[in-house]
$ cat input-v7.pdb   # PDB, C-alpha atoms and all ligand atoms
ATOM      1  CA  ALA A   1      -7.187  -9.302 -15.611  1.00  0.00           C
ATOM      2  CA  PRO A   2      -4.779  -8.894 -12.688  1.00  0.00           C
ATOM      3  CA  SER A   3      -2.551 -11.894 -12.048  1.00  0.00           C
ATOM      4  CA  PRO A   4      -3.827 -14.425  -9.524  1.00  0.00           C
ATOM      5  CA  VAL A   5      -2.902 -14.125  -5.871  1.00  0.00           C
ATOM      6  CA  VAL A   6      -2.240 -17.185  -3.713  1.00  0.00           C
ATOM      7  CA  ALA A   7      -2.579 -16.737   0.039  1.00  0.00           C
ATOM      8  CA  PRO A   8      -1.438 -19.634   2.230  1.00  0.00           C
ATOM      9  CA  SER A   9      -3.553 -19.867   5.398  1.00  0.00           C
ATOM     10  CA  ILE A  10      -1.516 -20.290   8.554  1.00  0.00           C
ATOM     11  CA  LEU A  11      -4.515 -22.014  10.135  1.00  0.00           C
ATOM     12  CA  ALA A  12      -2.993 -25.185   8.667  1.00  0.00           C
ATOM     13  CA  ALA A  13       0.542 -24.352   9.859  1.00  0.00           C
ATOM     14  CA  ASP A  14       2.290 -25.295  13.106  1.00  0.00           C
ATOM     15  CA  PHE A  15       1.220 -22.567  15.543  1.00  0.00           C
ATOM     16  CA  ALA A  16       4.318 -23.175  17.678  1.00  0.00           C
ATOM     17  CA  ARG A  17       6.541 -22.225  14.714  1.00  0.00           C
ATOM     18  CA  LEU A  18       4.528 -19.523  12.967  1.00  0.00           C
ATOM     19  CA  ALA A  19       7.501 -17.350  11.960  1.00  0.00           C
ATOM     20  CA  ASP A  20       9.256 -20.318  10.320  1.00  0.00           C
ATOM     21  CA  GLU A  21       6.046 -21.463   8.648  1.00  0.00           C
ATOM     22  CA  VAL A  22       5.531 -18.034   7.128  1.00  0.00           C
ATOM     23  CA  ARG A  23       9.142 -17.826   5.987  1.00  0.00           C
ATOM     24  CA  ALA A  24       8.728 -21.224   4.301  1.00  0.00           C
ATOM     25  CA  VAL A  25       6.528 -19.567   1.661  1.00  0.00           C
ATOM     26  CA  GLU A  26       8.515 -16.340   1.369  1.00  0.00           C
ATOM     27  CA  GLY A  27       9.257 -15.637  -2.304  1.00  0.00           C
ATOM     28  CA  ALA A  28       6.324 -17.804  -3.385  1.00  0.00           C
ATOM     29  CA  ALA A  29       3.225 -16.551  -1.558  1.00  0.00           C
ATOM     30  CA  ASP A  30       1.568 -13.291  -2.595  1.00  0.00           C
ATOM     31  CA  TRP A  31      -0.213 -12.827   0.732  1.00  0.00           C
ATOM     32  CA  ILE A  32      -0.309 -14.667   4.051  1.00  0.00           C
ATOM     33  CA  HIS A  33      -3.880 -15.418   5.111  1.00  0.00           C
ATOM     34  CA  VAL A  34      -4.465 -15.004   8.844  1.00  0.00           C
ATOM     35  CA  ASP A  35      -7.691 -16.517  10.211  1.00  0.00           C
ATOM     36  CA  VAL A  36      -8.868 -14.737  13.356  1.00  0.00           C
ATOM     37  CA  MET A  37     -11.693 -16.594  15.154  1.00  0.00           C
ATOM     38  CA  ASP A  38     -13.375 -15.632  18.430  1.00  0.00           C
ATOM     39  CA  ASN A  39     -15.438 -18.726  19.339  1.00  0.00           C
ATOM     40  CA  HIS A  40     -18.593 -16.621  18.956  1.00  0.00           C
ATOM     41  CA  PHE A  41     -18.980 -15.792  15.296  1.00  0.00           C
ATOM     42  CA  VAL A  42     -17.643 -19.284  14.562  1.00  0.00           C
ATOM     43  CA  PRO A  43     -17.320 -22.216  16.992  1.00  0.00           C
ATOM     44  CA  ASN A  44     -13.522 -22.144  16.952  1.00  0.00           C
ATOM     45  CA  LEU A  45     -10.769 -20.020  18.478  1.00  0.00           C
ATOM     46  CA  THR A  46      -7.439 -19.076  16.910  1.00  0.00           C
ATOM     47  CA  ILE A  47      -5.231 -16.031  17.342  1.00  0.00           C
ATOM     48  CA  GLY A  48      -5.684 -12.300  17.709  1.00  0.00           C
ATOM     49  CA  LEU A  49      -3.956  -8.977  17.506  1.00  0.00           C
ATOM     50  CA  PRO A  50      -0.845  -9.656  19.651  1.00  0.00           C
ATOM     51  CA  VAL A  51       0.162 -12.603  17.490  1.00  0.00           C
ATOM     52  CA  VAL A  52      -0.394 -10.640  14.290  1.00  0.00           C
ATOM     53  CA  GLN A  53       1.645  -7.729  15.661  1.00  0.00           C
ATOM     54  CA  SER A  54       4.559 -10.036  16.504  1.00  0.00           C
ATOM     55  CA  LEU A  55       4.342 -12.029  13.293  1.00  0.00           C
ATOM     56  CA  ARG A  56       4.294  -8.850  11.198  1.00  0.00           C
ATOM     57  CA  ALA A  57       8.000  -8.341  12.011  1.00  0.00           C
ATOM     58  CA  ALA A  58       8.913 -11.873  10.875  1.00  0.00           C
ATOM     59  CA  THR A  59       8.212 -11.449   7.153  1.00  0.00           C
ATOM     60  CA  THR A  60       7.736  -8.971   4.335  1.00  0.00           C
ATOM     61  CA  ILE A  61       4.801 -10.899   2.817  1.00  0.00           C
ATOM     62  CA  PRO A  62       1.593  -8.808   2.950  1.00  0.00           C
ATOM     63  CA  PHE A  63      -0.964  -9.992   5.521  1.00  0.00           C
ATOM     64  CA  ASP A  64      -4.496 -10.830   4.462  1.00  0.00           C
ATOM     65  CA  VAL A  65      -6.434 -10.852   7.727  1.00  0.00           C
ATOM     66  CA  HIS A  66      -9.763 -12.727   7.750  1.00  0.00           C
ATOM     67  CA  LEU A  67     -11.795 -11.753  10.799  1.00  0.00           C
ATOM     68  CA  MET A  68     -14.349 -14.396  11.756  1.00  0.00           C
ATOM     69  CA  ILE A  69     -15.465 -12.423  14.799  1.00  0.00           C
ATOM     70  CA  GLU A  70     -18.408 -10.565  16.234  1.00  0.00           C
ATOM     71  CA  GLU A  71     -18.149  -6.798  16.635  1.00  0.00           C
ATOM     72  CA  PRO A  72     -15.639  -6.310  13.824  1.00  0.00           C
ATOM     73  CA  ARG A  73     -15.860  -2.535  14.272  1.00  0.00           C
ATOM     74  CA  ARG A  74     -14.177  -2.903  17.638  1.00  0.00           C
ATOM     75  CA  TRP A  75     -11.187  -4.860  16.343  1.00  0.00           C
ATOM     76  CA  ALA A  76     -10.694  -4.446  12.605  1.00  0.00           C
ATOM     77  CA  PRO A  77      -8.912  -1.048  12.621  1.00  0.00           C
ATOM     78  CA  GLY A  78      -6.322  -2.458  15.050  1.00  0.00           C
ATOM     79  CA  TYR A  79      -5.236  -4.955  12.397  1.00  0.00           C
ATOM     80  CA  ALA A  80      -4.827  -2.140   9.893  1.00  0.00           C
ATOM     81  CA  ASP A  81      -2.714  -0.264  12.449  1.00  0.00           C
ATOM     82  CA  ALA A  82      -0.671  -3.448  12.964  1.00  0.00           C
ATOM     83  CA  GLY A  83       0.311  -3.303   9.292  1.00  0.00           C
ATOM     84  CA  ALA A  84      -2.137  -5.692   7.666  1.00  0.00           C
ATOM     85  CA  TYR A  85      -2.347  -5.193   3.897  1.00  0.00           C
ATOM     86  CA  ASN A  86      -5.982  -6.272   3.683  1.00  0.00           C
ATOM     87  CA  VAL A  87      -8.539  -6.614   6.483  1.00  0.00           C
ATOM     88  CA  THR A  88     -11.659  -8.647   5.731  1.00  0.00           C
ATOM     89  CA  PHE A  89     -14.670  -8.844   8.044  1.00  0.00           C
ATOM     90  CA  HIS A  90     -17.928 -10.778   7.674  1.00  0.00           C
ATOM     91  CA  ALA A  91     -21.086  -9.226   6.255  1.00  0.00           C
ATOM     92  CA  GLU A  92     -23.105 -11.329   8.730  1.00  0.00           C
ATOM     93  CA  ALA A  93     -21.330  -9.695  11.699  1.00  0.00           C
ATOM     94  CA  SER A  94     -21.554  -6.058  10.625  1.00  0.00           C
ATOM     95  CA  ASP A  95     -24.470  -3.635  10.719  1.00  0.00           C
ATOM     96  CA  ASN A  96     -22.665  -0.952   8.712  1.00  0.00           C
ATOM     97  CA  PRO A  97     -20.101  -2.574   6.424  1.00  0.00           C
ATOM     98  CA  VAL A  98     -19.563   0.510   4.264  1.00  0.00           C
ATOM     99  CA  SER A  99     -18.674   2.689   7.230  1.00  0.00           C
ATOM    100  CA  LEU A 100     -16.166   0.137   8.544  1.00  0.00           C
ATOM    101  CA  ALA A 101     -14.647  -0.218   5.075  1.00  0.00           C
ATOM    102  CA  LYS A 102     -14.073   3.547   5.035  1.00  0.00           C
ATOM    103  CA  ASP A 103     -12.335   3.376   8.411  1.00  0.00           C
ATOM    104  CA  LEU A 104     -10.080   0.559   7.217  1.00  0.00           C
ATOM    105  CA  ARG A 105      -9.067   2.466   4.119  1.00  0.00           C
ATOM    106  CA  ALA A 106      -8.445   5.570   6.226  1.00  0.00           C
ATOM    107  CA  ALA A 107      -6.182   3.446   8.436  1.00  0.00           C
ATOM    108  CA  GLY A 108      -4.156   2.497   5.368  1.00  0.00           C
ATOM    109  CA  ALA A 109      -5.468  -1.002   4.661  1.00  0.00           C
ATOM    110  CA  LYS A 110      -7.480  -2.527   1.878  1.00  0.00           C
ATOM    111  CA  ALA A 111     -11.029  -3.347   2.955  1.00  0.00           C
ATOM    112  CA  GLY A 112     -12.548  -6.789   2.480  1.00  0.00           C
ATOM    113  CA  LEU A 113     -16.089  -8.096   2.817  1.00  0.00           C
ATOM    114  CA  ALA A 114     -16.618 -11.806   3.533  1.00  0.00           C
ATOM    115  CA  ILE A 115     -19.729 -13.813   2.694  1.00  0.00           C
ATOM    116  CA  ASP A 116     -20.280 -17.113   4.502  1.00  0.00           C
ATOM    117  CA  ARG A 117     -21.708 -20.271   2.935  1.00  0.00           C
ATOM    118  CA  ASP A 118     -25.367 -19.624   3.764  1.00  0.00           C
ATOM    119  CA  THR A 119     -25.407 -15.923   2.861  1.00  0.00           C
ATOM    120  CA  PRO A 120     -26.616 -14.813  -0.567  1.00  0.00           C
ATOM    121  CA  ILE A 121     -24.469 -12.331  -2.467  1.00  0.00           C
ATOM    122  CA  GLU A 122     -27.233 -10.190  -4.016  1.00  0.00           C
ATOM    123  CA  PRO A 123     -27.883  -7.822  -1.066  1.00  0.00           C
ATOM    124  CA  TYR A 124     -24.187  -6.957  -0.960  1.00  0.00           C
ATOM    125  CA  LEU A 125     -23.466  -6.288  -4.616  1.00  0.00           C
ATOM    126  CA  GLU A 126     -24.312  -2.609  -4.306  1.00  0.00           C
ATOM    127  CA  LEU A 127     -21.760  -2.221  -1.470  1.00  0.00           C
ATOM    128  CA  LEU A 128     -18.831  -3.462  -3.527  1.00  0.00           C
ATOM    129  CA  PRO A 129     -17.535  -0.041  -4.657  1.00  0.00           C
ATOM    130  CA  SER A 130     -16.554   0.521  -1.010  1.00  0.00           C
ATOM    131  CA  PHE A 131     -14.416  -2.630  -0.942  1.00  0.00           C
ATOM    132  CA  ASP A 132     -11.122  -3.772  -2.426  1.00  0.00           C
ATOM    133  CA  THR A 133     -11.677  -7.464  -1.734  1.00  0.00           C
ATOM    134  CA  LEU A 134     -14.699  -9.727  -1.665  1.00  0.00           C
ATOM    135  CA  LEU A 135     -14.102 -13.055   0.085  1.00  0.00           C
ATOM    136  CA  ILE A 136     -16.543 -15.773  -0.849  1.00  0.00           C
ATOM    137  CA  MET A 137     -16.426 -18.748   1.502  1.00  0.00           C
ATOM    138  CA  THR A 138     -16.395 -22.028  -0.423  1.00  0.00           C
ATOM    139  CA  ILE A 139     -17.033 -23.891   2.859  1.00  0.00           C
ATOM    140  CA  LYS A 140     -18.786 -22.936   6.090  1.00  0.00           C
ATOM    141  CA  ALA A 141     -16.401 -20.649   7.979  1.00  0.00           C
ATOM    142  CA  GLY A 142     -14.753 -22.043  11.093  1.00  0.00           C
ATOM    143  CA  PHE A 143     -12.402 -24.892  10.262  1.00  0.00           C
ATOM    144  CA  GLY A 144      -9.721 -25.819   7.768  1.00  0.00           C
ATOM    145  CA  GLY A 145      -9.657 -29.098   5.894  1.00  0.00           C
ATOM    146  CA  GLN A 146     -13.287 -29.062   4.716  1.00  0.00           C
ATOM    147  CA  LYS A 147     -14.534 -30.060   1.301  1.00  0.00           C
ATOM    148  CA  PHE A 148     -14.911 -27.369  -1.376  1.00  0.00           C
ATOM    149  CA  ILE A 149     -18.572 -26.570  -2.263  1.00  0.00           C
ATOM    150  CA  PRO A 150     -18.791 -25.978  -6.052  1.00  0.00           C
ATOM    151  CA  ALA A 151     -22.216 -24.281  -5.819  1.00  0.00           C
ATOM    152  CA  MET A 152     -20.523 -21.298  -4.126  1.00  0.00           C
ATOM    153  CA  LEU A 153     -18.990 -20.438  -7.493  1.00  0.00           C
ATOM    154  CA  ASP A 154     -22.367 -19.083  -8.623  1.00  0.00           C
ATOM    155  CA  LYS A 155     -21.770 -16.260  -6.120  1.00  0.00           C
ATOM    156  CA  VAL A 156     -18.278 -15.714  -7.489  1.00  0.00           C
ATOM    157  CA  ALA A 157     -19.633 -15.469 -11.024  1.00  0.00           C
ATOM    158  CA  ALA A 158     -22.420 -13.064 -10.003  1.00  0.00           C
ATOM    159  CA  ALA A 159     -19.952 -10.832  -8.180  1.00  0.00           C
ATOM    160  CA  ARG A 160     -17.522 -10.874 -11.113  1.00  0.00           C
ATOM    161  CA  ARG A 161     -20.292  -9.927 -13.546  1.00  0.00           C
ATOM    162  CA  HIS A 162     -21.329  -7.072 -11.261  1.00  0.00           C
ATOM    163  CA  ALA A 163     -17.748  -5.860 -10.834  1.00  0.00           C
ATOM    164  CA  LYS A 164     -17.133  -5.949 -14.596  1.00  0.00           C
ATOM    165  CA  ALA A 165     -20.329  -4.088 -15.395  1.00  0.00           C
ATOM    166  CA  GLY A 166     -19.471  -1.397 -12.851  1.00  0.00           C
ATOM    167  CA  HIS A 167     -15.780  -1.240 -13.827  1.00  0.00           C
ATOM    168  CA  LEU A 168     -14.843  -2.003 -10.232  1.00  0.00           C
ATOM    169  CA  GLU A 169     -11.314  -2.911  -9.297  1.00  0.00           C
ATOM    170  CA  LEU A 170     -12.204  -5.826  -7.041  1.00  0.00           C
ATOM    171  CA  ARG A 171     -10.251  -8.865  -5.952  1.00  0.00           C
ATOM    172  CA  ILE A 172     -12.582 -11.817  -5.573  1.00  0.00           C
ATOM    173  CA  GLU A 173     -11.101 -14.278  -3.111  1.00  0.00           C
ATOM    174  CA  VAL A 174     -12.209 -17.840  -2.486  1.00  0.00           C
ATOM    175  CA  ASP A 175     -11.551 -19.551   0.832  1.00  0.00           C
ATOM    176  CA  GLY A 176     -12.086 -23.195   1.744  1.00  0.00           C
ATOM    177  CA  GLY A 177     -11.064 -26.430   0.093  1.00  0.00           C
ATOM    178  CA  ILE A 178      -8.909 -24.718  -2.519  1.00  0.00           C
ATOM    179  CA  ALA A 179      -6.425 -27.248  -3.889  1.00  0.00           C
ATOM    180  CA  GLU A 180      -5.008 -28.539  -7.165  1.00  0.00           C
ATOM    181  CA  ASP A 181      -8.329 -30.145  -8.088  1.00  0.00           C
ATOM    182  CA  THR A 182     -10.553 -27.110  -7.362  1.00  0.00           C
ATOM    183  CA  ILE A 183      -8.568 -23.934  -8.049  1.00  0.00           C
ATOM    184  CA  ALA A 184      -9.020 -23.867 -11.827  1.00  0.00           C
ATOM    185  CA  GLU A 185     -12.828 -23.942 -11.661  1.00  0.00           C
ATOM    186  CA  ALA A 186     -12.771 -21.145  -9.066  1.00  0.00           C
ATOM    187  CA  ALA A 187     -10.552 -19.082 -11.366  1.00  0.00           C
ATOM    188  CA  ALA A 188     -12.822 -19.786 -14.321  1.00  0.00           C
ATOM    189  CA  ALA A 189     -15.790 -18.478 -12.320  1.00  0.00           C
ATOM    190  CA  GLY A 190     -13.980 -15.172 -11.788  1.00  0.00           C
ATOM    191  CA  ALA A 191     -11.930 -15.544  -8.599  1.00  0.00           C
ATOM    192  CA  ASP A 192      -8.465 -13.992  -8.641  1.00  0.00           C
ATOM    193  CA  ALA A 193      -7.295 -14.560  -5.068  1.00  0.00           C
ATOM    194  CA  PHE A 194      -7.029 -18.033  -3.582  1.00  0.00           C
ATOM    195  CA  VAL A 195      -6.665 -19.006   0.065  1.00  0.00           C
ATOM    196  CA  ALA A 196      -5.112 -22.408   0.620  1.00  0.00           C
ATOM    197  CA  GLY A 197      -4.388 -23.881   4.030  1.00  0.00           C
ATOM    198  CA  THR A 198      -4.226 -27.651   3.905  1.00  0.00           C
ATOM    199  CA  ALA A 199      -3.101 -27.708   0.263  1.00  0.00           C
ATOM    200  CA  VAL A 200      -0.029 -25.622   1.114  1.00  0.00           C
ATOM    201  CA  TYR A 201       0.962 -26.665   4.609  1.00  0.00           C
ATOM    202  CA  SER A 202       0.383 -30.395   4.247  1.00  0.00           C
ATOM    203  CA  ALA A 203       2.661 -30.399   1.182  1.00  0.00           C
ATOM    204  CA  GLN A 204       6.281 -31.582   1.426  1.00  0.00           C
ATOM    205  CA  ASP A 205       7.395 -28.276  -0.084  1.00  0.00           C
ATOM    206  CA  PRO A 206       4.917 -25.478   0.764  1.00  0.00           C
ATOM    207  CA  ALA A 207       6.578 -22.928  -1.549  1.00  0.00           C
ATOM    208  CA  GLU A 208       6.392 -25.317  -4.478  1.00  0.00           C
ATOM    209  CA  ALA A 209       2.723 -26.015  -3.652  1.00  0.00           C
ATOM    210  CA  VAL A 210       2.004 -22.280  -3.845  1.00  0.00           C
ATOM    211  CA  ARG A 211       3.696 -21.956  -7.230  1.00  0.00           C
ATOM    212  CA  LYS A 212       1.821 -24.959  -8.564  1.00  0.00           C
ATOM    213  CA  LEU A 213      -1.514 -23.561  -7.397  1.00  0.00           C
ATOM    214  CA  ARG A 214      -0.808 -20.187  -8.993  1.00  0.00           C
ATOM    215  CA  GLY A 215       0.045 -21.901 -12.260  1.00  0.00           C
ATOM    216  CA  LEU A 216      -3.256 -23.778 -12.235  1.00  0.00           C
ATOM    217  CA  ALA A 217      -5.175 -20.554 -11.486  1.00  0.00           C
ATOM    218  CA  ALA A 218      -3.523 -18.659 -14.323  1.00  0.00           C
ATOM    219  CA  ARG A 219      -4.479 -20.979 -17.154  1.00  0.00           C
TER
HETATM  220  C1  LIG B   1     -11.758 -21.424   7.577  1.00  0.00           C
HETATM  221  C2  LIG B   1     -10.732 -20.431   7.102  1.00  0.00           C
HETATM  222  C3  LIG B   1      -9.893 -20.861   5.985  1.00  0.00           C
HETATM  223  C4  LIG B   1      -9.125 -22.137   6.188  1.00  0.00           C
HETATM  224  C5  LIG B   1      -9.063 -22.824   4.858  1.00  0.00           C
HETATM  225  O1  LIG B   1     -12.857 -20.798   8.128  1.00  0.00           O
HETATM  226  O2  LIG B   1     -11.344 -19.212   6.724  1.00  0.00           O
HETATM  227  O3  LIG B   1      -8.982 -19.807   5.623  1.00  0.00           O
HETATM  228  O4  LIG B   1      -7.811 -21.960   6.670  1.00  0.00           O
HETATM  229  O5  LIG B   1      -8.471 -24.054   5.022  1.00  0.00           O
HETATM  230  P1  LIG B   1      -8.403 -25.125   3.826  1.00  0.00           P
HETATM  231  O6  LIG B   1      -7.597 -24.496   2.733  1.00  0.00           O
HETATM  232  O7  LIG B   1      -7.723 -26.279   4.476  1.00  0.00           O
HETATM  233  O8  LIG B   1      -9.802 -25.414   3.416  1.00  0.00           O
HETATM  234 ZN    ZN B   2      -9.947 -17.691   5.972  1.00  0.00          ZN
END
$ encode --input "input-v7.pdb" --output "structure tokens" --more "lines below"
Ligand code: DX5
Ligand code: ZN
Amino acid sequence: APSPVVAPSILAADFARLADEVRAVEGAADWIHVDVMDNHFVPNLTIGLPVVQSLRAATTIPFDVHLMIEEPRRWAPGYADAGAYNVTFHAEASDNPVSLAKDLRAAGAKAGLAIDRDTPIEPYLELLPSFDTLLIMTIKAGFGGQKFIPAMLDKVAAARRHAKAGHLELRIEVDGGIAEDTIAEAAAAGADAFVAGTAVYSAQDPAEAVRKLRGLAAR
């Protein structure tokens, strides 16, 4: 199995010092997770393309962009053009996920599909060959600092079984409430990419927190 990826979420960082906050995990983080919210798909508002474009120059860490927005077709390719490594949009917001995934790959990015808390995984399993990443929310999308929902790991396990059976190269990413006390069970269920906001940026030493999390995911 590929080695686990830890992606600190800058949603939990100081937005006035984003470049410094990203550099604080340089050398430790595999990806930087960027939560884009539009106050329509979720009842919260964060940052958009101009901030990602500017931040891209501040670090060499690959960007994992998580679009919690309506009309992802209108915006997602712009993030690929801005140099994002992976661009993930929500299944609930897209009427043709496979077509958008193709566009993202054509624009040079990995394509990710996100599944929110109340969405079952089964209807989407057959789409997975078109995607590089599957993001399973382990909370309801919209806010950091929520409590991990263990029942979401059934979706992770189902997706991992499906990916194995089909010999798919698929990263399965979990997002929400990932911390020292939850990451191992998520890894055991089949996740191999781990978003952590609060657990990284509320730590005294964010880089050390990332390394510790990766160690717990690898066992
Ligand atoms: C919430 C975001 C998450 C958030 C996770 O909708 O998608 O990426 O930053 O925050 P924690 O790790 O604090 O649960
Ligand atoms: Zn996220």
$ resolve_selection --input "input-v7.pdb" --expression "the PyMOL selection byres (((chain A and resi 25) around 9) and not hetatm)" --output "ChimeraX atom specification"
/A:8,21-24,26-29,32,61,200,205-208,210
$ atom_distance --input "input-v7.pdb" --atom1 "atom CA of His162 of chain A" --atom2 "atom CA of Ala188 of chain A"
15.6 Å
$ residues_near_ligand --input "input-v7.pdb" --ligand "ligand LIG 1 (chain B)" --cutoff "9 Å" --atoms "all atoms listed in the file" --output "ChimeraX atom specification"
/A:8-12,33-37,42,44,66-68,137-148,174-179,195-201
$ write_last_selection --input "input-v7.pdb" --atoms "C-alpha atoms" --output "mmCIF file, in the frame of the given file"
data_model
loop_
_atom_site.group_PDB
_atom_site.id
_atom_site.type_symbol
_atom_site.label_atom_id
_atom_site.label_comp_id
_atom_site.auth_asym_id
_atom_site.auth_seq_id
_atom_site.Cartn_x
_atom_site.Cartn_y
_atom_site.Cartn_z
ATOM 1 C CA PRO A 8 -1.438 -19.634 2.230
ATOM 2 C CA SER A 9 -3.553 -19.867 5.398
ATOM 3 C CA ILE A 10 -1.516 -20.290 8.554
ATOM 4 C CA LEU A 11 -4.515 -22.014 10.135
ATOM 5 C CA ALA A 12 -2.993 -25.185 8.667
ATOM 6 C CA HIS A 33 -3.880 -15.418 5.111
ATOM 7 C CA VAL A 34 -4.465 -15.004 8.844
ATOM 8 C CA ASP A 35 -7.691 -16.517 10.211
ATOM 9 C CA VAL A 36 -8.868 -14.737 13.356
ATOM 10 C CA MET A 37 -11.693 -16.594 15.154
ATOM 11 C CA VAL A 42 -17.643 -19.284 14.562
ATOM 12 C CA ASN A 44 -13.522 -22.144 16.952
ATOM 13 C CA HIS A 66 -9.763 -12.727 7.750
ATOM 14 C CA LEU A 67 -11.795 -11.753 10.799
ATOM 15 C CA MET A 68 -14.349 -14.396 11.756
ATOM 16 C CA MET A 137 -16.426 -18.748 1.502
ATOM 17 C CA THR A 138 -16.395 -22.028 -0.423
ATOM 18 C CA ILE A 139 -17.033 -23.891 2.859
ATOM 19 C CA LYS A 140 -18.786 -22.936 6.090
ATOM 20 C CA ALA A 141 -16.401 -20.649 7.979
ATOM 21 C CA GLY A 142 -14.753 -22.043 11.093
ATOM 22 C CA PHE A 143 -12.402 -24.892 10.262
ATOM 23 C CA GLY A 144 -9.721 -25.819 7.768
ATOM 24 C CA GLY A 145 -9.657 -29.098 5.894
ATOM 25 C CA GLN A 146 -13.287 -29.062 4.716
ATOM 26 C CA LYS A 147 -14.534 -30.060 1.301
ATOM 27 C CA PHE A 148 -14.911 -27.369 -1.376
ATOM 28 C CA VAL A 174 -12.209 -17.840 -2.486
ATOM 29 C CA ASP A 175 -11.551 -19.551 0.832
ATOM 30 C CA GLY A 176 -12.086 -23.195 1.744
ATOM 31 C CA GLY A 177 -11.064 -26.430 0.093
ATOM 32 C CA ILE A 178 -8.909 -24.718 -2.519
ATOM 33 C CA ALA A 179 -6.425 -27.248 -3.889
ATOM 34 C CA VAL A 195 -6.665 -19.006 0.065
ATOM 35 C CA ALA A 196 -5.112 -22.408 0.620
ATOM 36 C CA GLY A 197 -4.388 -23.881 4.030
ATOM 37 C CA THR A 198 -4.226 -27.651 3.905
ATOM 38 C CA ALA A 199 -3.101 -27.708 0.263
ATOM 39 C CA VAL A 200 -0.029 -25.622 1.114
ATOM 40 C CA TYR A 201 0.962 -26.665 4.609
#
$ atom_distance --input "input-v7.pdb" --atom1 "atom CA of Asp154 of chain A" --atom2 "atom CA of Tyr124 of chain A"
14.5 Å
$ atom_distance --input "input-v7.pdb" --atom1 "atom CA of Ala203 of chain A" --atom2 "atom CA of Arg171 of chain A"
26.1 Å
$ resolve_selection --input "input-v7.pdb" --expression "the PyMOL selection byres (((chain A and resi 99) around 12) and not hetatm)" --output "compact mmCIF listing (two decimals) with C-alpha atoms, in the coordinates of the input"
# COMPACT_ATOMS: atom_id res chain seq x y z
CA PRO A 72 -15.64 -6.31 13.82
CA ARG A 73 -15.86 -2.54 14.27
CA ALA A 76 -10.69 -4.45 12.60
CA PRO A 77 -8.91 -1.05 12.62
CA SER A 94 -21.55 -6.06 10.62
CA ASP A 95 -24.47 -3.64 10.72
CA ASN A 96 -22.66 -0.95 8.71
CA PRO A 97 -20.10 -2.57 6.42
CA VAL A 98 -19.56 0.51 4.26
CA LEU A 100 -16.17 0.14 8.54
CA ALA A 101 -14.65 -0.22 5.08
CA LYS A 102 -14.07 3.55 5.04
CA ASP A 103 -12.34 3.38 8.41
CA LEU A 104 -10.08 0.56 7.22
CA ARG A 105 -9.07 2.47 4.12
CA ALA A 106 -8.44 5.57 6.23
CA ALA A 111 -11.03 -3.35 2.96
CA LEU A 113 -16.09 -8.10 2.82
CA LEU A 127 -21.76 -2.22 -1.47
CA SER A 130 -16.55 0.52 -1.01
CA PHE A 131 -14.42 -2.63 -0.94
$ resolve_selection --input "input-v7.pdb" --expression "the PyMOL selection byres (((chain A and resi 214) around 10) and not hetatm)" --output "PyMOL selection string"
chain A and resi 3-7+28-30+180+183-184+192-194+208-213+215-219
$ closest_residue --input "input-v7.pdb" --among "A:Glu70, A:Ala165, A:Ala159, A:Pro150" --to "Asp181 of chain A" --atoms "all atoms listed in the file"
A:Pro150
$ closest_residue --input "input-v7.pdb" --among "A:Leu49, A:Lys155, A:Asp132, A:Asp64" --to "Ile115 of chain A" --atoms "only C-alpha atoms"
A:Lys155
$ axis_aligned_box --input "input-v7.pdb" --around "segment 38-51 of chain A" --padding-each-side "3 Å" --output "JSON"
{"center_x": -9.4, "center_y": -15.6, "center_z": 17.1, "size_x": 25.1, "size_y": 19.2, "size_z": 11.1}
$ closest_residue --input "input-v7.pdb" --among "A:Ala107, A:Ile69, A:Met152, A:Leu168" --to "ligand ZN 2 (chain B)" --atoms "all atoms listed in the file"
A:Ile69
$ closest_residue --input "input-v7.pdb" --among "A:Arg17, A:His90, A:His40, A:Lys164" --to "Pro129 of chain A" --atoms "only C-alpha atoms"
A:Lys164
$ closest_residue --input "input-v7.pdb" --among "A:Arg56, A:Ala109, A:Asp116, A:Asn39" --to "ligand ZN 2 (chain B)" --atoms "all atoms listed in the file"
A:Asp116
$ closest_residue --input "input-v7.pdb" --among "A:Pro43, A:Glu173, A:Glu122, A:Gly48" --to "ligand ZN 2 (chain B)" --atoms "all atoms listed in the file"
A:Glu173
$ residues_near_point --input "input-v7.pdb" --point "(1.2, -1.7, 12.0)" --cutoff "12 Å" --atoms "only C-alpha atoms" --output "number ranges by chain"
A: 49-50, 52-57, 62-63, 77-86, 107-109
